[in-house]
$ cat start.pdb   # PDB, C-alpha atoms
ATOM      1  CA  MET A   1      39.095  32.398 -11.490  1.00  0.00           C
ATOM      2  CA  GLU A   2      36.614  33.916  -9.060  1.00  0.00           C
ATOM      3  CA  PHE A   3      38.287  37.278  -9.634  1.00  0.00           C
ATOM      4  CA  LEU A   4      37.341  37.079 -13.310  1.00  0.00           C
ATOM      5  CA  CYS A   5      33.679  36.971 -12.299  1.00  0.00           C
ATOM      6  CA  TYR A   6      33.994  40.308 -10.545  1.00  0.00           C
ATOM      7  CA  VAL A   7      35.888  41.729 -13.514  1.00  0.00           C
ATOM      8  CA  ALA A   8      33.251  40.544 -15.981  1.00  0.00           C
ATOM      9  CA  VAL A   9      30.252  42.012 -14.135  1.00  0.00           C
ATOM     10  CA  PRO A  10      30.935  45.660 -15.169  1.00  0.00           C
ATOM     11  CA  PHE A  11      30.847  44.630 -18.824  1.00  0.00           C
ATOM     12  CA  LEU A  12      27.116  44.005 -18.477  1.00  0.00           C
ATOM     13  CA  PHE A  13      26.658  47.736 -17.984  1.00  0.00           C
ATOM     14  CA  VAL A  14      28.117  48.403 -21.424  1.00  0.00           C
ATOM     15  CA  PHE A  15      24.816  47.214 -22.866  1.00  0.00           C
ATOM     16  CA  PRO A  16      21.558  49.173 -22.664  1.00  0.00           C
ATOM     17  CA  ARG A  17      19.477  48.480 -19.578  1.00  0.00           C
ATOM     18  CA  PHE A  18      16.822  46.451 -21.387  1.00  0.00           C
ATOM     19  CA  VAL A  19      19.472  44.164 -22.936  1.00  0.00           C
ATOM     20  CA  ARG A  20      21.381  43.360 -19.742  1.00  0.00           C
ATOM     21  CA  PRO A  21      19.148  40.481 -18.548  1.00  0.00           C
ATOM     22  CA  LEU A  22      19.508  38.880 -21.972  1.00  0.00           C
ATOM     23  CA  GLY A  23      23.278  39.286 -21.780  1.00  0.00           C
ATOM     24  CA  ALA A  24      23.367  37.619 -18.369  1.00  0.00           C
ATOM     25  CA  LEU A  25      21.204  34.794 -19.721  1.00  0.00           C
ATOM     26  CA  VAL A  26      23.594  34.236 -22.627  1.00  0.00           C
ATOM     27  CA  VAL A  27      26.548  34.129 -20.240  1.00  0.00           C
ATOM     28  CA  LEU A  28      24.696  31.653 -18.023  1.00  0.00           C
ATOM     29  CA  VAL A  29      23.978  29.314 -20.937  1.00  0.00           C
ATOM     30  CA  VAL A  30      27.578  29.501 -22.172  1.00  0.00           C
ATOM     31  CA  VAL A  31      29.191  28.767 -18.814  1.00  0.00           C
ATOM     32  CA  ILE A  32      26.808  25.874 -18.153  1.00  0.00           C
ATOM     33  CA  ARG A  33      27.822  24.375 -21.479  1.00  0.00           C
ATOM     34  CA  LEU A  34      31.484  24.822 -20.541  1.00  0.00           C
ATOM     35  CA  ALA A  35      30.819  23.112 -17.221  1.00  0.00           C
ATOM     36  CA  GLU A  36      29.360  20.109 -19.039  1.00  0.00           C
ATOM     37  CA  VAL A  37      32.506  19.497 -21.088  1.00  0.00           C
ATOM     38  CA  PRO A  38      34.067  16.140 -20.109  1.00  0.00           C
ATOM     39  CA  GLN A  39      36.874  16.413 -17.597  1.00  0.00           C
ATOM     40  CA  HIS A  40      39.565  15.105 -19.949  1.00  0.00           C
ATOM     41  CA  GLU A  41      38.550  17.514 -22.733  1.00  0.00           C
ATOM     42  CA  SER A  42      38.433  20.680 -20.644  1.00  0.00           C
ATOM     43  CA  PRO A  43      41.564  22.876 -20.903  1.00  0.00           C
ATOM     44  CA  VAL A  44      43.492  24.093 -17.876  1.00  0.00           C
ATOM     45  CA  PHE A  45      44.321  27.763 -17.283  1.00  0.00           C
ATOM     46  CA  TRP A  46      46.501  28.960 -14.395  1.00  0.00           C
ATOM     47  CA  GLY A  47      46.225  25.553 -12.791  1.00  0.00           C
ATOM     48  CA  VAL A  48      42.417  25.548 -12.866  1.00  0.00           C
ATOM     49  CA  ARG A  49      40.371  23.397 -15.196  1.00  0.00           C
ATOM     50  CA  LEU A  50      37.949  25.494 -17.227  1.00  0.00           C
ATOM     51  CA  ARG A  51      35.144  23.035 -16.517  1.00  0.00           C
ATOM     52  CA  ASP A  52      35.490  23.556 -12.765  1.00  0.00           C
ATOM     53  CA  ALA A  53      35.715  27.329 -13.093  1.00  0.00           C
ATOM     54  CA  ALA A  54      32.608  27.418 -15.283  1.00  0.00           C
ATOM     55  CA  SER A  55      30.678  25.548 -12.595  1.00  0.00           C
ATOM     56  CA  MET A  56      31.378  28.474 -10.273  1.00  0.00           C
ATOM     57  CA  TRP A  57      30.741  31.128 -12.925  1.00  0.00           C
ATOM     58  CA  ALA A  58      27.252  29.724 -13.445  1.00  0.00           C
ATOM     59  CA  PHE A  59      26.187  30.945 -10.004  1.00  0.00           C
ATOM     60  CA  PHE A  60      27.542  34.438 -10.674  1.00  0.00           C
ATOM     61  CA  ALA A  61      25.717  34.553 -13.998  1.00  0.00           C
ATOM     62  CA  GLY A  62      22.513  33.222 -12.456  1.00  0.00           C
ATOM     63  CA  GLY A  63      22.655  35.787  -9.671  1.00  0.00           C
ATOM     64  CA  ALA A  64      23.293  38.613 -12.128  1.00  0.00           C
ATOM     65  CA  LEU A  65      20.406  37.452 -14.305  1.00  0.00           C
ATOM     66  CA  LEU A  66      17.962  37.347 -11.396  1.00  0.00           C
ATOM     67  CA  ARG A  67      19.032  40.708  -9.983  1.00  0.00           C
ATOM     68  CA  LEU A  68      18.798  42.396 -13.372  1.00  0.00           C
ATOM     69  CA  ALA A  69      15.406  40.794 -13.961  1.00  0.00           C
ATOM     70  CA  GLY A  70      14.220  42.157 -10.633  1.00  0.00           C
ATOM     71  CA  GLN A  71      15.275  45.645 -11.667  1.00  0.00           C
ATOM     72  CA  ARG A  72      13.914  45.373 -15.198  1.00  0.00           C
ATOM     73  CA  PHE A  73      10.513  43.759 -14.635  1.00  0.00           C
ATOM     74  CA  SER A  74       8.133  45.128 -12.016  1.00  0.00           C
ATOM     75  CA  TRP A  75       6.314  41.797 -11.693  1.00  0.00           C
ATOM     76  CA  PHE A  76       9.478  39.926 -10.709  1.00  0.00           C
ATOM     77  CA  ARG A  77       9.744  39.466  -6.943  1.00  0.00           C
ATOM     78  CA  PHE A  78      11.985  37.592  -4.547  1.00  0.00           C
ATOM     79  CA  ARG A  79       9.607  35.538  -2.428  1.00  0.00           C
ATOM     80  CA  THR A  80      10.385  33.168   0.403  1.00  0.00           C
ATOM     81  CA  ASP A  81       7.826  30.569  -0.642  1.00  0.00           C
ATOM     82  CA  ILE A  82       9.318  30.390  -4.130  1.00  0.00           C
ATOM     83  CA  ALA A  83      12.830  30.121  -2.683  1.00  0.00           C
ATOM     84  CA  VAL A  84      11.771  27.236  -0.430  1.00  0.00           C
ATOM     85  CA  ALA A  85       9.967  25.474  -3.272  1.00  0.00           C
ATOM     86  CA  GLY A  86      12.956  25.960  -5.559  1.00  0.00           C
ATOM     87  CA  THR A  87      15.300  24.497  -2.954  1.00  0.00           C
ATOM     88  CA  ALA A  88      13.051  21.449  -2.642  1.00  0.00           C
ATOM     89  CA  VAL A  89      13.080  21.049  -6.425  1.00  0.00           C
ATOM     90  CA  LEU A  90      16.876  21.289  -6.427  1.00  0.00           C
ATOM     91  CA  PHE A  91      17.202  18.491  -3.869  1.00  0.00           C
ATOM     92  CA  LEU A  92      14.761  16.372  -5.862  1.00  0.00           C
ATOM     93  CA  VAL A  93      16.544  16.947  -9.172  1.00  0.00           C
ATOM     94  CA  ASP A  94      19.940  16.278  -7.618  1.00  0.00           C
ATOM     95  CA  ASN A  95      18.752  12.869  -6.435  1.00  0.00           C
ATOM     96  CA  VAL A  96      16.659  11.914  -9.469  1.00  0.00           C
ATOM     97  CA  ALA A  97      18.521  13.552 -12.363  1.00  0.00           C
ATOM     98  CA  PRO A  98      21.916  14.752 -11.083  1.00  0.00           C
ATOM     99  CA  GLY A  99      22.980  15.691 -14.593  1.00  0.00           C
ATOM    100  CA  LEU A 100      20.584  18.646 -14.428  1.00  0.00           C
ATOM    101  CA  ALA A 101      21.587  19.748 -10.939  1.00  0.00           C
ATOM    102  CA  LEU A 102      23.891  22.550 -12.088  1.00  0.00           C
ATOM    103  CA  GLU A 103      21.258  24.063 -14.383  1.00  0.00           C
ATOM    104  CA  VAL A 104      18.727  24.145 -11.550  1.00  0.00           C
ATOM    105  CA  ALA A 105      21.190  25.189  -8.850  1.00  0.00           C
ATOM    106  CA  SER A 106      22.578  28.096 -10.885  1.00  0.00           C
ATOM    107  CA  VAL A 107      19.136  29.704 -10.624  1.00  0.00           C
ATOM    108  CA  VAL A 108      17.748  28.335  -7.354  1.00  0.00           C
ATOM    109  CA  VAL A 109      20.769  29.035  -5.147  1.00  0.00           C
ATOM    110  CA  PRO A 110      21.196  32.689  -6.242  1.00  0.00           C
ATOM    111  CA  TYR A 111      17.434  33.178  -5.953  1.00  0.00           C
ATOM    112  CA  ALA A 112      17.457  31.860  -2.390  1.00  0.00           C
ATOM    113  CA  VAL A 113      20.447  34.014  -1.437  1.00  0.00           C
ATOM    114  CA  LEU A 114      18.932  37.148  -2.969  1.00  0.00           C
ATOM    115  CA  THR A 115      15.628  36.399  -1.259  1.00  0.00           C
ATOM    116  CA  ILE A 116      17.335  36.265   2.123  1.00  0.00           C
ATOM    117  CA  GLY A 117      19.045  39.565   1.398  1.00  0.00           C
ATOM    118  CA  LEU A 118      16.223  41.472  -0.298  1.00  0.00           C
ATOM    119  CA  ALA A 119      12.836  40.029   0.602  1.00  0.00           C
ATOM    120  CA  ARG A 120      10.970  41.547   3.526  1.00  0.00           C
ATOM    121  CA  THR A 121      10.193  38.295   5.259  1.00  0.00           C
ATOM    122  CA  PRO A 122       9.212  38.456   8.951  1.00  0.00           C
ATOM    123  CA  TYR A 123      10.916  35.154   9.744  1.00  0.00           C
ATOM    124  CA  ILE A 124      14.202  36.320   8.254  1.00  0.00           C
ATOM    125  CA  ALA A 125      13.935  39.720   9.924  1.00  0.00           C
ATOM    126  CA  GLN A 126      13.269  38.115  13.309  1.00  0.00           C
ATOM    127  CA  SER A 127      16.335  35.902  12.969  1.00  0.00           C
ATOM    128  CA  ALA A 128      18.481  38.989  13.569  1.00  0.00           C
ATOM    129  CA  ARG A 129      17.761  38.691  17.280  1.00  0.00           C
ATOM    130  CA  PHE A 130      20.111  35.702  17.372  1.00  0.00           C
ATOM    131  CA  GLY A 131      22.981  37.828  16.070  1.00  0.00           C
ATOM    132  CA  ASP A 132      24.528  39.105  12.863  1.00  0.00           C
ATOM    133  CA  PHE A 133      26.105  36.080  11.213  1.00  0.00           C
ATOM    134  CA  SER A 134      26.720  37.721   7.832  1.00  0.00           C
ATOM    135  CA  TYR A 135      30.461  38.257   8.218  1.00  0.00           C
ATOM    136  CA  GLY A 136      30.959  34.809   9.707  1.00  0.00           C
ATOM    137  CA  LEU A 137      29.118  33.215   6.797  1.00  0.00           C
ATOM    138  CA  TYR A 138      31.339  35.092   4.371  1.00  0.00           C
ATOM    139  CA  LEU A 139      34.485  34.261   6.328  1.00  0.00           C
ATOM    140  CA  TRP A 140      33.893  30.543   6.875  1.00  0.00           C
ATOM    141  CA  ALA A 141      32.118  29.519   3.668  1.00  0.00           C
ATOM    142  CA  PHE A 142      35.171  28.938   1.483  1.00  0.00           C
ATOM    143  CA  PRO A 143      37.354  27.024   3.981  1.00  0.00           C
ATOM    144  CA  VAL A 144      34.372  24.878   4.968  1.00  0.00           C
ATOM    145  CA  GLN A 145      33.692  24.060   1.313  1.00  0.00           C
ATOM    146  CA  GLN A 146      37.285  22.968   0.826  1.00  0.00           C
ATOM    147  CA  LEU A 147      37.343  20.992   4.078  1.00  0.00           C
ATOM    148  CA  VAL A 148      34.117  19.145   3.279  1.00  0.00           C
ATOM    149  CA  VAL A 149      35.452  18.068  -0.113  1.00  0.00           C
ATOM    150  CA  ASP A 150      38.803  17.082   1.394  1.00  0.00           C
ATOM    151  CA  VAL A 151      37.248  14.995   4.183  1.00  0.00           C
ATOM    152  CA  PHE A 152      34.158  13.540   2.526  1.00  0.00           C
ATOM    153  CA  GLY A 153      35.155  13.702  -1.129  1.00  0.00           C
ATOM    154  CA  VAL A 154      32.982  14.992  -3.946  1.00  0.00           C
ATOM    155  CA  GLN A 155      29.359  14.396  -2.998  1.00  0.00           C
ATOM    156  CA  ARG A 156      26.104  15.151  -4.758  1.00  0.00           C
ATOM    157  CA  MET A 157      25.378  18.852  -4.868  1.00  0.00           C
ATOM    158  CA  SER A 158      22.455  18.631  -2.444  1.00  0.00           C
ATOM    159  CA  VAL A 159      24.498  16.681   0.118  1.00  0.00           C
ATOM    160  CA  ASN A 160      27.454  19.024  -0.235  1.00  0.00           C
ATOM    161  CA  LEU A 161      25.217  22.086   0.042  1.00  0.00           C
ATOM    162  CA  LEU A 162      23.493  20.767   3.153  1.00  0.00           C
ATOM    163  CA  MET A 163      26.766  19.967   4.924  1.00  0.00           C
ATOM    164  CA  VAL A 164      28.449  23.237   3.984  1.00  0.00           C
ATOM    165  CA  VAL A 165      25.502  25.427   4.983  1.00  0.00           C
ATOM    166  CA  THR A 166      25.029  23.635   8.306  1.00  0.00           C
ATOM    167  CA  ILE A 167      28.695  23.738   9.310  1.00  0.00           C
ATOM    168  CA  THR A 168      29.202  27.302   8.083  1.00  0.00           C
ATOM    169  CA  LEU A 169      26.132  28.570   9.922  1.00  0.00           C
ATOM    170  CA  ALA A 170      27.286  26.914  13.145  1.00  0.00           C
ATOM    171  CA  LEU A 171      30.769  28.433  12.846  1.00  0.00           C
ATOM    172  CA  ALA A 172      29.309  31.842  11.989  1.00  0.00           C
ATOM    173  CA  ALA A 173      27.155  31.715  15.127  1.00  0.00           C
ATOM    174  CA  LEU A 174      30.161  30.794  17.250  1.00  0.00           C
ATOM    175  CA  SER A 175      32.217  33.565  15.655  1.00  0.00           C
ATOM    176  CA  TRP A 176      29.528  36.109  16.435  1.00  0.00           C
ATOM    177  CA  HIS A 177      29.014  35.149  20.065  1.00  0.00           C
ATOM    178  CA  LEU A 178      32.632  34.333  20.941  1.00  0.00           C
ATOM    179  CA  VAL A 179      34.610  36.845  18.871  1.00  0.00           C
ATOM    180  CA  GLU A 180      32.642  39.543  17.065  1.00  0.00           C
ATOM    181  CA  LYS A 181      30.128  40.522  19.745  1.00  0.00           C
ATOM    182  CA  PRO A 182      32.695  40.622  22.598  1.00  0.00           C
ATOM    183  CA  SER A 183      35.054  42.606  20.358  1.00  0.00           C
ATOM    184  CA  MET A 184      32.357  45.162  19.618  1.00  0.00           C
ATOM    185  CA  ARG A 185      31.619  45.515  23.330  1.00  0.00           C
ATOM    186  CA  LEU A 186      35.322  45.965  24.036  1.00  0.00           C
ATOM    187  CA  LYS A 187      35.512  48.613  21.338  1.00  0.00           C
ATOM    188  CA  ASP A 188      32.659  50.535  22.965  1.00  0.00           C
ATOM    189  CA  VAL A 189      34.407  50.355  26.349  1.00  0.00           C
ATOM    190  CA  ILE A 190      37.670  51.644  24.869  1.00  0.00           C
ATOM    191  CA  VAL A 191      35.880  54.472  23.070  1.00  0.00           C
ATOM    192  CA  ARG A 192      34.080  55.546  26.253  1.00  0.00           C
ATOM    193  CA  ARG A 193      37.288  55.508  28.291  1.00  0.00           C
ATOM    194  CA  THR A 194      39.168  57.429  25.627  1.00  0.00           C
ATOM    195  CA  THR A 195      36.395  60.000  25.446  1.00  0.00           C
ATOM    196  CA  ARG A 196      36.451  60.547  29.214  1.00  0.00           C
ATOM    197  CA  ARG A 197      40.228  60.998  29.271  1.00  0.00           C
ATOM    198  CA  THR A 198      40.328  63.450  26.393  1.00  0.00           C
ATOM    199  CA  PRO A 199      39.952  67.013  27.716  1.00  0.00           C
ATOM    200  CA  PRO A 200      37.364  69.106  25.957  1.00  0.00           C
ATOM    201  CA  ALA A 201      38.673  71.496  23.380  1.00  0.00           C
ATOM    202  CA  VAL A 202      38.915  75.065  24.628  1.00  0.00           C
ATOM    203  CA  THR A 203      37.687  77.694  22.248  1.00  0.00           C
ATOM    204  CA  PRO A 204      39.956  80.746  22.422  1.00  0.00           C
ATOM    205  CA  ALA A 205      38.220  83.908  23.446  1.00  0.00           C
ATOM    206  CA  VAL A 206      37.893  86.514  20.754  1.00  0.00           C
ATOM    207  CA  ALA A 207      38.423  90.100  21.847  1.00  0.00           C
ATOM    208  CA  PRO A 208      35.573  92.406  20.865  1.00  0.00           C
ATOM    209  CA  GLU A 209      36.323  94.817  18.095  1.00  0.00           C
ATOM    210  CA  SER A 210      36.873  98.377  19.212  1.00  0.00           C
ATOM    211  CA  VAL A 211      34.354 100.868  17.984  1.00  0.00           C
ATOM    212  CA  PRO A 212      35.878 104.165  16.844  1.00  0.00           C
ATOM    213  CA  ALA A 213      34.646 107.209  18.722  1.00  0.00           C
TER
END

$ encode --input "start.pdb" --output "structure tokens"
Amino acid sequence: MEFLCYVAVPFLFVFPRFVRPLGALVVLVVVIRLAEVPQHESPVFWGVRLRDAASMWAFFAGGALLRLAGQRFSWFRFRTDIAVAGTAVLFLVDNVAPGLALEVASVVVPYAVLTIGLARTPYIAQSARFGDFSYGLYLWAFPVQQLVVDVFGVQRMSVNLLMVVTITLALAALSWHLVEKPSMRLKDVIVRRTTRRTPPAVTPAVAPESVPA
């Protein structure tokens, strides 16, 4: 079902540029409505309930909407303070009115992720000195999500998000310092040794052309 999200994204480019944010908004509204269908009424395709798939599609649609809005409107910016405030609102809504959590999360979570990736925030830029955890976050996120649900059951979105982010970040840090960084150092050593052992290429001498008398 996640694959369908990647397949659907190019269809947004069929529409004119000024219509694309509206198209993403329509998709977001539709998938949220599908996610709100009662469990027993939601059909199953390829072993996946449409309601569950739509809950995931909402984040793709929300991310597409925000990115397109950032490209379309010059006043739209990804700001750290707004991302932090939005995250606080999400936690509040999830505890006070959990029925609205998906609607809020489908915008807040993509906004926070895009802010980390696009905003020029000194605090985020300085965090690079601890290592590059990007690949580890990508690698560990899905298995951690599944493990958290399997061990702790289905929790509120805010609780689930907090546990998954914390565990994934810790594993990504360990992956960087114990696997990725040493592997990159080893690669550099191998490249240097290979370079020293490889004899330099000899350019064949070219005989000067004879000049007729």

$ residues_around --input "start.pdb" --residues "Phe91 in chain A" --least-positions-apart "5" --cutoff "10 Å" --atoms "only C-alpha atoms" --output "list in words"
Gly86, Val96, Ala97, Pro98, Ala101, Val104, Ala105, Arg156, Met157, Ser158, Val159, Leu161 and Leu162 of chain A

$ atom_distance --input "start.pdb" --atom1 "CA of Leu66 in chain A" --atom2 "CA of Val26 in chain A"
12.9 Å

$ resolve_selection --input "start.pdb" --expression "the PyMOL selection byres ((chain A and resi 81) around 12)" --output "compact mmCIF listing (two decimals) with C-alpha atoms, in the coordinates of the input"
# COMPACT_ATOMS: atom_id res chain seq x y z
CA ARG A 77 9.74 39.47 -6.94
CA PHE A 78 11.98 37.59 -4.55
CA ARG A 79 9.61 35.54 -2.43
CA THR A 80 10.38 33.17 0.40
CA ILE A 82 9.32 30.39 -4.13
CA ALA A 83 12.83 30.12 -2.68
CA VAL A 84 11.77 27.24 -0.43
CA ALA A 85 9.97 25.47 -3.27
CA GLY A 86 12.96 25.96 -5.56
CA THR A 87 15.30 24.50 -2.95
CA ALA A 88 13.05 21.45 -2.64
CA TYR A 111 17.43 33.18 -5.95
CA ALA A 112 17.46 31.86 -2.39
CA THR A 115 15.63 36.40 -1.26
CA ILE A 116 17.34 36.26 2.12
CA ALA A 119 12.84 40.03 0.60
CA THR A 121 10.19 38.30 5.26
CA TYR A 123 10.92 35.15 9.74

$ residues_around --input "start.pdb" --residues "range 33-38 of chain A" --least-positions-apart "5" --cutoff "10 Å" --atoms "only C-alpha atoms" --output "MDAnalysis selection string"
chainID A and resid 27:28 43 49:58 99 102:103

$ write_last_selection --input "start.pdb" --atoms "C-alpha atoms" --output "PDB file, in the frame of the given file"
ATOM      1  CA  VAL A  27      26.548  34.129 -20.240  1.00  0.00           C
ATOM      2  CA  LEU A  28      24.696  31.653 -18.023  1.00  0.00           C
ATOM      3  CA  PRO A  43      41.564  22.876 -20.903  1.00  0.00           C
ATOM      4  CA  ARG A  49      40.371  23.397 -15.196  1.00  0.00           C
ATOM      5  CA  LEU A  50      37.949  25.494 -17.227  1.00  0.00           C
ATOM      6  CA  ARG A  51      35.144  23.035 -16.517  1.00  0.00           C
ATOM      7  CA  ASP A  52      35.490  23.556 -12.765  1.00  0.00           C
ATOM      8  CA  ALA A  53      35.715  27.329 -13.093  1.00  0.00           C
ATOM      9  CA  ALA A  54      32.608  27.418 -15.283  1.00  0.00           C
ATOM     10  CA  SER A  55      30.678  25.548 -12.595  1.00  0.00           C
ATOM     11  CA  MET A  56      31.378  28.474 -10.273  1.00  0.00           C
ATOM     12  CA  TRP A  57      30.741  31.128 -12.925  1.00  0.00           C
ATOM     13  CA  ALA A  58      27.252  29.724 -13.445  1.00  0.00           C
ATOM     14  CA  GLY A  99      22.980  15.691 -14.593  1.00  0.00           C
ATOM     15  CA  LEU A 102      23.891  22.550 -12.088  1.00  0.00           C
ATOM     16  CA  GLU A 103      21.258  24.063 -14.383  1.00  0.00           C
TER      17      GLU A 103
END

$ axis_aligned_box --input "start.pdb" --around "range 139-155 of chain A" --padding-each-side "3 Å" --output "lines of an AutoDock Vina configuration file"
center_x = 34.1
center_y = 23.9
center_z = 1.5
size_x = 15.4
size_y = 26.7
size_z = 16.8

$ residues_around --input "start.pdb" --residues "Ala172 in chain A" --least-positions-apart "2" --cutoff "8 Å" --atoms "all atoms listed in the file" --output "list in words"
Phe133, Ser134, Tyr135, Gly136, Leu137, Trp140, Thr168, Leu169, Ala170, Leu174, Ser175 and Trp176 of chain A

$ resolve_selection --input "start.pdb" --expression "the PyMOL selection byres ((chain A and resi 61) around 9)" --output "ChimeraX atom specification"
/A:5,9,24-29,31,57-60,62-66,106-107

$ closest_residue --input "start.pdb" --among "A:Leu22, A:Val93, A:Ile32, A:Val165" --to "Val113 in chain A" --atoms "all atoms listed in the file"
A:Val165

$ atom_distance --input "start.pdb" --atom1 "CA of Phe142 in chain A" --atom2 "CA of Gln71 in chain A"
29.1 Å

$ atom_distance --input "start.pdb" --atom1 "CA of Pro110 in chain A" --atom2 "CA of Val89 in chain A"
14.2 Å

$ build_atoms --input "start.pdb" --residues "range 138-152 of chain A" --atoms "N, CA and C atoms" --output "PDB file, in the coordinates of the input"
ATOM      1  N   TYR A 138      30.390  34.742   5.436  1.00  0.00           N
ATOM      2  CA  TYR A 138      31.339  35.092   4.371  1.00  0.00           C
ATOM      3  C   TYR A 138      32.730  34.542   4.680  1.00  0.00           C
ATOM      4  N   LEU A 139      33.127  34.640   5.940  1.00  0.00           N
ATOM      5  CA  LEU A 139      34.485  34.261   6.328  1.00  0.00           C
ATOM      6  C   LEU A 139      34.705  32.751   6.281  1.00  0.00           C
ATOM      7  N   TRP A 140      33.710  31.983   6.720  1.00  0.00           N
ATOM      8  CA  TRP A 140      33.893  30.543   6.875  1.00  0.00           C
ATOM      9  C   TRP A 140      33.468  29.732   5.656  1.00  0.00           C
ATOM     10  N   ALA A 141      32.700  30.310   4.759  1.00  0.00           N
ATOM     11  CA  ALA A 141      32.118  29.519   3.668  1.00  0.00           C
ATOM     12  C   ALA A 141      33.180  28.810   2.830  1.00  0.00           C
ATOM     13  N   PHE A 142      34.177  29.549   2.379  1.00  0.00           N
ATOM     14  CA  PHE A 142      35.171  28.938   1.483  1.00  0.00           C
ATOM     15  C   PHE A 142      35.993  27.851   2.169  1.00  0.00           C
ATOM     16  N   PRO A 143      36.589  28.112   3.354  1.00  0.00           N
ATOM     17  CA  PRO A 143      37.354  27.024   3.981  1.00  0.00           C
ATOM     18  C   PRO A 143      36.502  25.808   4.319  1.00  0.00           C
ATOM     19  N   VAL A 144      35.242  26.024   4.680  1.00  0.00           N
ATOM     20  CA  VAL A 144      34.372  24.878   4.968  1.00  0.00           C
ATOM     21  C   VAL A 144      34.114  24.079   3.696  1.00  0.00           C
ATOM     22  N   GLN A 145      33.890  24.760   2.587  1.00  0.00           N
ATOM     23  CA  GLN A 145      33.692  24.060   1.313  1.00  0.00           C
ATOM     24  C   GLN A 145      34.890  23.171   0.991  1.00  0.00           C
ATOM     25  N   GLN A 146      36.079  23.735   1.137  1.00  0.00           N
ATOM     26  CA  GLN A 146      37.285  22.968   0.826  1.00  0.00           C
ATOM     27  C   GLN A 146      37.468  21.803   1.798  1.00  0.00           C
ATOM     28  N   LEU A 147      37.172  22.036   3.069  1.00  0.00           N
ATOM     29  CA  LEU A 147      37.343  20.992   4.078  1.00  0.00           C
ATOM     30  C   LEU A 147      36.355  19.849   3.855  1.00  0.00           C
ATOM     31  N   VAL A 148      35.128  20.180   3.515  1.00  0.00           N
ATOM     32  CA  VAL A 148      34.117  19.145   3.279  1.00  0.00           C
ATOM     33  C   VAL A 148      34.528  18.250   2.112  1.00  0.00           C
ATOM     34  N   VAL A 149      35.016  18.860   1.042  1.00  0.00           N
ATOM     35  CA  VAL A 149      35.452  18.068  -0.113  1.00  0.00           C
ATOM     36  C   VAL A 149      36.672  17.222   0.245  1.00  0.00           C
ATOM     37  N   ASP A 150      37.584  17.805   1.032  1.00  0.00           N
ATOM     38  CA  ASP A 150      38.803  17.082   1.394  1.00  0.00           C
ATOM     39  C   ASP A 150      38.502  15.894   2.304  1.00  0.00           C
ATOM     40  N   VAL A 151      37.548  16.054   3.213  1.00  0.00           N
ATOM     41  CA  VAL A 151      37.248  14.995   4.183  1.00  0.00           C
ATOM     42  C   VAL A 151      36.277  13.965   3.620  1.00  0.00           C
ATOM     43  N   PHE A 152      35.219  14.445   2.975  1.00  0.00           N
ATOM     44  CA  PHE A 152      34.158  13.540   2.526  1.00  0.00           C
ATOM     45  C   PHE A 152      34.208  13.236   1.032  1.00  0.00           C
TER      46      PHE A 152
END
